[in-house]
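Have a look at final05.cif; it's mmCIF, C-alpha atoms:
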```cif
data_start
#
loop_
_atom_site.label_atom_id
_atom_site.label_comp_id
_atom_site.auth_asym_id
_atom_site.auth_seq_id
_atom_site.Cartn_x
_atom_site.Cartn_y
_atom_site.Cartn_z
CA MET A 1 49.40 3.89 -28.16
CA THR A 2 52.98 2.77 -27.55
CA ALA A 3 53.54 5.76 -25.30
CA LEU A 4 50.59 4.70 -23.20
CA ALA A 5 51.96 1.17 -23.00
CA LYS A 6 55.32 2.53 -21.87
CA ASN A 7 53.62 4.62 -19.22
CA ARG A 8 51.86 1.52 -17.98
CA ARG A 9 55.12 -0.34 -17.77
CA VAL A 10 56.70 2.49 -15.79
CA LEU A 11 53.72 2.55 -13.48
CA LEU A 12 53.96 -1.19 -12.95
CA GLY A 13 57.66 -0.92 -12.21
CA VAL A 14 57.15 1.83 -9.68
CA LEU A 15 54.35 -0.07 -7.98
CA THR A 16 56.44 -3.22 -7.78
CA GLY A 17 59.29 -1.19 -6.34
CA ALA A 18 57.02 0.33 -3.74
CA ALA A 19 55.65 -3.05 -2.77
CA LEU A 20 59.17 -4.48 -2.41
CA MET A 21 60.28 -1.49 -0.37
CA SER A 22 57.42 -1.77 2.06
CA ALA A 23 57.90 -5.51 2.34
CA GLY A 24 61.57 -4.86 3.08
CA CYS A 25 60.73 -2.43 5.86
CA VAL A 26 58.43 -4.93 7.49
CA THR A 27 61.03 -7.65 7.25
CA ILE A 28 63.71 -5.47 8.81
CA ASN A 29 61.53 -4.33 11.68
CA ILE A 30 60.19 -7.75 12.52
CA TYR A 31 63.28 -8.61 14.57
CA PHE A 32 62.84 -8.28 18.28
CA PRO A 33 64.43 -5.02 19.52
CA ALA A 34 66.32 -6.49 22.44
CA ALA A 35 68.01 -3.27 23.55
CA ALA A 36 64.73 -1.36 23.60
CA ALA A 37 63.12 -4.20 25.52
CA GLU A 38 65.84 -4.02 28.16
CA LYS A 39 65.32 -0.30 28.52
CA ALA A 40 61.59 -0.78 28.85
CA ALA A 41 62.12 -3.53 31.42
CA ASP A 42 64.50 -1.38 33.45
CA ARG A 43 62.07 1.51 33.50
CA ILE A 44 59.27 -0.69 34.82
CA ILE A 45 61.55 -2.46 37.31
CA ASP A 46 62.67 0.95 38.62
CA GLU A 47 59.07 1.82 39.33
CA VAL A 48 57.88 -1.51 40.70
CA TRP A 49 60.88 -1.88 42.99
CA GLN A 50 61.06 1.92 43.51
CA LEU A 51 64.75 2.03 42.80
CA LYS A 52 64.85 5.56 41.44
CA GLY A 53 63.29 8.94 41.95
CA GLY A 54 60.97 7.84 44.75
CA VAL A 55 62.10 8.17 48.35
CA PRO A 56 65.83 7.47 48.45
CA SER A 57 66.98 7.44 52.06
CA SER A 58 70.69 7.64 51.32
CA PRO A 59 71.48 8.09 47.65
CA PRO A 60 75.28 8.50 47.78
CA SER A 61 76.19 5.26 49.57
CA PRO A 62 73.76 2.40 49.05
CA SER A 63 76.29 -0.23 50.11
CA SER A 64 76.40 0.27 53.86
CA PRO A 65 73.79 2.62 55.26
CA SER A 66 74.10 1.20 58.79
CA SER A 67 77.52 2.50 59.70
CA PRO A 68 77.19 5.60 61.85
CA SER A 69 80.88 5.89 62.59
CA SER A 70 81.92 7.10 59.16
CA PRO A 71 79.61 9.92 58.21
CA ALA A 72 81.87 12.44 56.60
CA PRO A 73 85.51 13.00 56.09
CA LYS A 74 86.37 11.30 52.86
CA SER A 75 87.75 14.44 51.29
CA ASP A 76 91.28 13.45 52.20
CA LYS A 77 92.79 11.84 49.20
CA PRO A 78 95.96 9.90 49.86
CA ALA A 79 97.80 11.83 47.20
CA ALA A 80 100.79 12.92 49.26
CA LYS A 81 101.86 10.60 52.02
CA MET B 1 51.35 12.94 -17.28
CA LYS B 2 52.04 15.07 -14.26
CA PRO B 3 48.97 14.07 -12.29
CA LEU B 4 49.85 10.44 -12.88
CA PHE B 5 53.30 10.91 -11.42
CA VAL B 6 51.90 12.75 -8.44
CA LYS B 7 49.51 9.89 -7.90
CA ILE B 8 52.30 7.34 -8.09
CA LEU B 9 54.46 9.31 -5.70
CA TRP B 10 51.61 9.58 -3.26
CA LEU B 11 51.00 5.87 -3.50
CA VAL B 12 54.64 5.03 -2.84
CA ALA B 13 54.79 7.43 0.09
CA SER B 14 51.64 6.10 1.67
CA LEU B 15 52.64 2.48 1.15
CA THR B 16 56.05 2.82 2.77
CA GLY B 17 54.79 5.18 5.43
CA ALA B 18 51.94 2.91 6.41
CA SER B 19 54.07 -0.20 6.59
CA GLN B 20 56.68 1.56 8.67
CA ALA B 21 54.13 2.99 11.07
CA PHE B 22 52.73 -0.50 11.44
CA ALA B 23 56.13 -2.06 11.95
CA GLN B 24 57.51 0.57 14.30
CA ALA B 25 57.87 -0.85 17.77
CA ASN B 26 57.92 1.19 20.94
CA LEU B 27 58.55 -1.17 23.79
CA GLU B 28 58.61 1.70 26.25
CA ILE B 29 55.02 2.41 25.42
CA ASN B 30 52.79 3.12 28.38
CA THR B 31 49.14 2.23 28.06
CA PRO B 32 46.55 2.54 30.82
CA GLY B 33 46.64 -1.26 31.08
CA ILE B 34 50.40 -1.33 31.60
CA ALA B 35 50.22 1.49 34.14
CA ALA B 36 47.52 -0.33 36.12
CA ILE B 37 49.51 -3.59 36.23
CA GLN B 38 52.62 -1.67 37.20
CA SER B 39 50.98 0.07 40.13
CA SER B 40 49.42 -3.18 41.31
CA MET B 41 52.86 -4.81 41.27
CA GLN B 42 54.39 -1.81 43.01
CA LYS B 43 51.91 -2.11 45.88
CA ARG B 44 52.47 -5.84 46.15
CA HIS B 45 56.22 -5.35 46.30
CA ALA B 46 55.95 -4.03 49.86
CA GLU B 47 54.75 -7.50 50.88
CA LEU B 48 57.09 -9.41 48.59
CA ALA B 49 60.32 -7.60 49.50
CA PRO B 50 60.69 -9.23 52.95
CA LEU B 51 60.03 -12.62 51.36
CA TYR B 52 62.79 -12.03 48.82
CA GLY B 53 65.05 -10.97 51.69
CA SER B 54 64.37 -14.09 53.76
CA GLY B 55 64.88 -16.34 50.76
CA ALA B 56 61.35 -17.70 50.96
CA VAL B 57 60.62 -16.37 47.48
CA GLY B 58 63.05 -16.16 44.59
CA LEU B 59 63.16 -14.78 41.06
CA THR B 60 62.93 -17.36 38.30
CA ARG B 61 64.66 -17.47 34.95
CA ASP B 62 61.37 -17.07 33.10
CA GLY B 63 60.39 -13.74 34.62
CA ASN B 64 58.24 -15.05 37.45
CA VAL B 65 58.56 -15.41 41.20
CA ALA B 66 58.42 -18.76 42.99
CA LEU B 67 58.35 -20.21 46.48
CA ARG B 68 61.94 -21.24 47.07
CA ASP B 69 61.99 -22.18 50.72
CA ALA B 70 58.64 -22.96 52.28
CA ALA B 71 60.32 -23.52 55.64
CA ALA B 72 61.19 -19.82 55.75
CA VAL B 73 57.48 -19.03 55.96
CA PRO B 74 55.58 -19.78 59.18
CA LEU B 75 52.88 -22.36 58.53
CA PRO B 76 49.91 -20.06 59.16
CA GLN B 77 51.18 -17.60 56.55
CA ARG B 78 51.95 -20.09 53.83
CA ALA B 79 48.60 -19.88 52.09
CA ALA B 80 48.80 -16.09 52.01
CA VAL B 81 52.31 -16.21 50.58
CA ASN B 82 51.22 -18.68 47.89
CA ALA B 83 48.35 -16.38 46.98
CA LEU B 84 50.76 -13.46 46.82
CA ILE B 85 53.06 -15.38 44.46
CA ALA B 86 50.15 -16.41 42.25
CA ALA B 87 48.86 -12.84 42.05
CA GLU B 88 52.32 -11.51 41.24
CA ASN B 89 52.84 -14.06 38.46
CA GLN B 90 49.43 -13.25 37.04
CA ASP B 91 50.34 -9.57 36.91
CA ARG B 92 53.70 -10.33 35.37
CA ALA B 93 52.13 -12.47 32.65
CA ALA B 94 49.62 -9.71 31.97
CA LEU B 95 52.42 -7.14 31.83
CA TYR B 96 54.45 -9.07 29.26
CA ARG B 97 51.34 -9.77 27.19
CA GLU B 98 50.19 -6.16 27.34
CA ILE B 99 53.55 -4.75 26.20
CA ALA B 100 53.58 -7.15 23.24
CA ARG B 101 49.98 -6.37 22.42
CA ALA B 102 50.51 -2.59 22.64
CA ASN B 103 53.21 -3.01 19.99
CA ASN B 104 50.98 -5.04 17.68
CA ARG B 105 53.41 -7.91 18.17
CA PRO B 106 51.73 -10.53 20.35
CA GLU B 107 54.38 -13.01 19.21
CA TRP B 108 57.00 -11.01 21.10
CA GLU B 109 55.49 -11.93 24.46
CA GLY B 110 57.97 -14.74 25.08
CA GLU B 111 60.99 -12.60 24.25
CA ILE B 112 59.68 -9.76 26.40
CA ARG B 113 59.25 -12.25 29.26
CA ASN B 114 62.82 -13.50 28.80
CA THR B 115 64.19 -9.97 28.73
CA PHE B 116 62.33 -9.07 31.91
CA GLY B 117 63.41 -12.32 33.55
CA GLN B 118 67.02 -11.42 32.91
CA ARG B 119 66.64 -7.85 34.12
CA TRP B 120 64.72 -8.74 37.32
CA ILE B 121 67.58 -11.13 38.15
CA ASP B 122 70.36 -8.73 37.18
CA ARG B 123 68.89 -6.01 39.34
CA ALA B 124 67.87 -8.13 42.31
CA GLN B 125 69.25 -6.91 45.61
CA PRO B 126 72.15 -8.67 47.37
CA GLY B 127 70.82 -11.52 49.48
CA TRP B 128 67.89 -12.31 47.22
CA TYR B 129 67.67 -15.68 45.52
CA VAL B 130 67.60 -15.96 41.75
CA GLN B 131 67.73 -18.86 39.32
CA ASN B 132 70.84 -19.39 37.23
CA ALA B 133 70.84 -20.63 33.65
CA GLY B 134 70.44 -24.22 34.84
CA GLY B 135 67.48 -23.35 37.04
CA ALA B 136 69.37 -23.73 40.33
CA TRP B 137 68.85 -21.16 43.09
CA ILE B 138 71.77 -18.91 43.83
CA LYS B 139 72.06 -16.14 46.39
CA LYS B 140 73.01 -12.79 45.01
#
```

File written out as structure tokens:
Amino acid sequence: MTALAKNRRVLLGVLTGAALMSAGCVTINIYFPAAAAEKAADRIIDEVWQLKGGVPSSPPSPSSPSSPSSPAPKSDKPAAK
Amino acid sequence: MKPLFVKILWLVASLTGASQAFAQANLEINTPGIAAIQSSMQKRHAELAPLYGSGAVGLTRDGNVALRDAAAVPLPQRAAVNALIAAENQDRAALYREIARANNRPEWEGEIRNTFGQRWIDRAQPGWYVQNAGGAWIKK
């Protein structure tokens, strides 16, 4: 009889623990994941504004694509003057 | 004795597992609804981009677009531009709502909207107009 009662108490304790644990998980995850939201936003913005992967006309220099006079020789580094 | 313990263990596992699965958020989720809104916005962007460039339309703090300078739009086109802005804002609202809903967190809609608002502005091209924290228009 007492053994059964003890078992019940253990069972109750474990159940309470489980309930608390799950409640804790929910509480932790309820915060808004700001970093993930930014990533998600960036992915969608990339696609809506077609900023990546689509049809990039000049991927290396997006700053000034309308300067035909300087197409190439930037290999010269001013290391030794 | 043993079966009871197995039962308890199973119960604990299922309880924690279920609550975590329910609570797990994936904001990068892609549902058919989100994809449809996205492609609609992508098509509309071809018409909106020149309006951003001319300063007629700007990006607002709250993740929308708005008519900034009506004078930059020729009178006959103004109604069309207003319709374009309304359609874009409708899609944007639907997008923010759908992302929140897909995560079983409809209450996140406002925060998702704010996050998008910030990112649209951060990533706007030079020359476009965006709202600053006070709501004033600034040129990027």

*For each of B:Gly53, B:Lys139, B:Asp69, B:Arg105, take the minimum atom-to-atom distance to Asn26 (chain B), counting all atoms listed in the file, then give the residue where this is smallest.*
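Selected residue with least distance to Asn26 (chain B): B:Arg105.
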
*B:Leu75, B:Leu59, B:Trp137, B:Glu88 ranked by distance to Ile37 (chain B), top pick (using only C-alpha atoms)*: B:Glu88

*Using the chain letters and residue numbers of this document, give as a list in words the residues selected by the PyMOL selection byres ((chain A and resi 48) around 9).*
Arg43, Ile44, Ile45, Asp46, Glu47, Trp49, Gln50 and Leu51 of chain A; Gln38, Ser39, Ser40, Met41, Gln42, Lys43, Arg44 and His45 of chain B

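For region 121-136 of chain B, the list of residues within 6 Å, based on all atoms listed in the file and with local chain neighbours fewer than 4 positions off taken out, reads Tyr52, Gly53, Gly55, Gly58, Leu59, Thr60, Arg61 and Lys140 of chain B.
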
*How many Å lie between CA of Ala36 (chain A) and CA of Glu28 (chain B), rounded to one decimal?*
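Computing the Euclidean distance for CA of Ala36 (chain A) and CA of Glu28 (chain B) yields 7.3 Å.
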
Can you sort out the box for region 84-91 of chain B, edges along x, y and z, all listed atoms in, 4 Å on every side, with centre and edge lengths in Å to one decimal, as lines of an AutoDock Vina configuration file?
```
center_x = 51.0
center_y = -13.0
center_z = 41.9
size_x = 12.2
size_y = 14.8
size_z = 17.9
```

*Quick one, how far is CA of Trp120 (chain B) from CA of Ala79 (chain B)?*
24.5 Å

*Please identify all polymer residues within 12 Å of Glu111 (chain B), counting only C-alpha atoms, omitting same-chain residues fewer than 6 positions from it, and present them as a ChimeraX atom specification.*
/A:31-38,41 /B:27,62-63,96-97,99-100,105,117-118

Include C-alpha atoms and write out the residues we just selected as an mmCIF file, in the coordinates of the input.
```cif
data_model
loop_
_atom_site.group_PDB
_atom_site.id
_atom_site.type_symbol
_atom_site.label_atom_id
_atom_site.label_comp_id
_atom_site.auth_asym_id
_atom_site.auth_seq_id
_atom_site.Cartn_x
_atom_site.Cartn_y
_atom_site.Cartn_z
ATOM 1 C CA TYR A 31 63.280 -8.610 14.570
ATOM 2 C CA PHE A 32 62.840 -8.280 18.280
ATOM 3 C CA PRO A 33 64.430 -5.020 19.520
ATOM 4 C CA ALA A 34 66.320 -6.490 22.440
ATOM 5 C CA ALA A 35 68.010 -3.270 23.550
ATOM 6 C CA ALA A 36 64.730 -1.360 23.600
ATOM 7 C CA ALA A 37 63.120 -4.200 25.520
ATOM 8 C CA GLU A 38 65.840 -4.020 28.160
ATOM 9 C CA ALA A 41 62.120 -3.530 31.420
ATOM 10 C CA LEU B 27 58.550 -1.170 23.790
ATOM 11 C CA ASP B 62 61.370 -17.070 33.100
ATOM 12 C CA GLY B 63 60.390 -13.740 34.620
ATOM 13 C CA TYR B 96 54.450 -9.070 29.260
ATOM 14 C CA ARG B 97 51.340 -9.770 27.190
ATOM 15 C CA ILE B 99 53.550 -4.750 26.200
ATOM 16 C CA ALA B 100 53.580 -7.150 23.240
ATOM 17 C CA ARG B 105 53.410 -7.910 18.170
ATOM 18 C CA GLY B 117 63.410 -12.320 33.550
ATOM 19 C CA GLN B 118 67.020 -11.420 32.910
#
```

*How would you write, as a ChimeraX atom specification, the residues chosen by the PyMOL selection byres ((chain B and resi 85) around 10) on this structure?*
/B:44,48,57,64-67,79-84,86-91

*CA of Val73 (chain B) and CA of Asn114 (chain B) are how many Å apart?*
28.2 Å

*Check the smallest atom-to-atom distance from each of B:Ile138, B:Ala56, B:Ile112, B:Ala36 to chain A using only C-alpha atoms, then report the winner.*
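Checking each candidate against chain A, we get B:Ile112 as the closest.
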
*Go through A:Ala18, A:Gly13, A:Lys6, A:Lys52 one by one, measure the shortest atom-to-atom distance of each to chain B using only C-alpha atoms, and give the residue with the smallest value.*
A:Ala18

*Return the single residue from A:Asn7, A:Leu12, A:Ala40, A:Gly17 that is closest to chain B, with distances computed using all atoms listed in the file.*
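With all atoms listed in the file as the atom set, the closest residue is A:Ala40.
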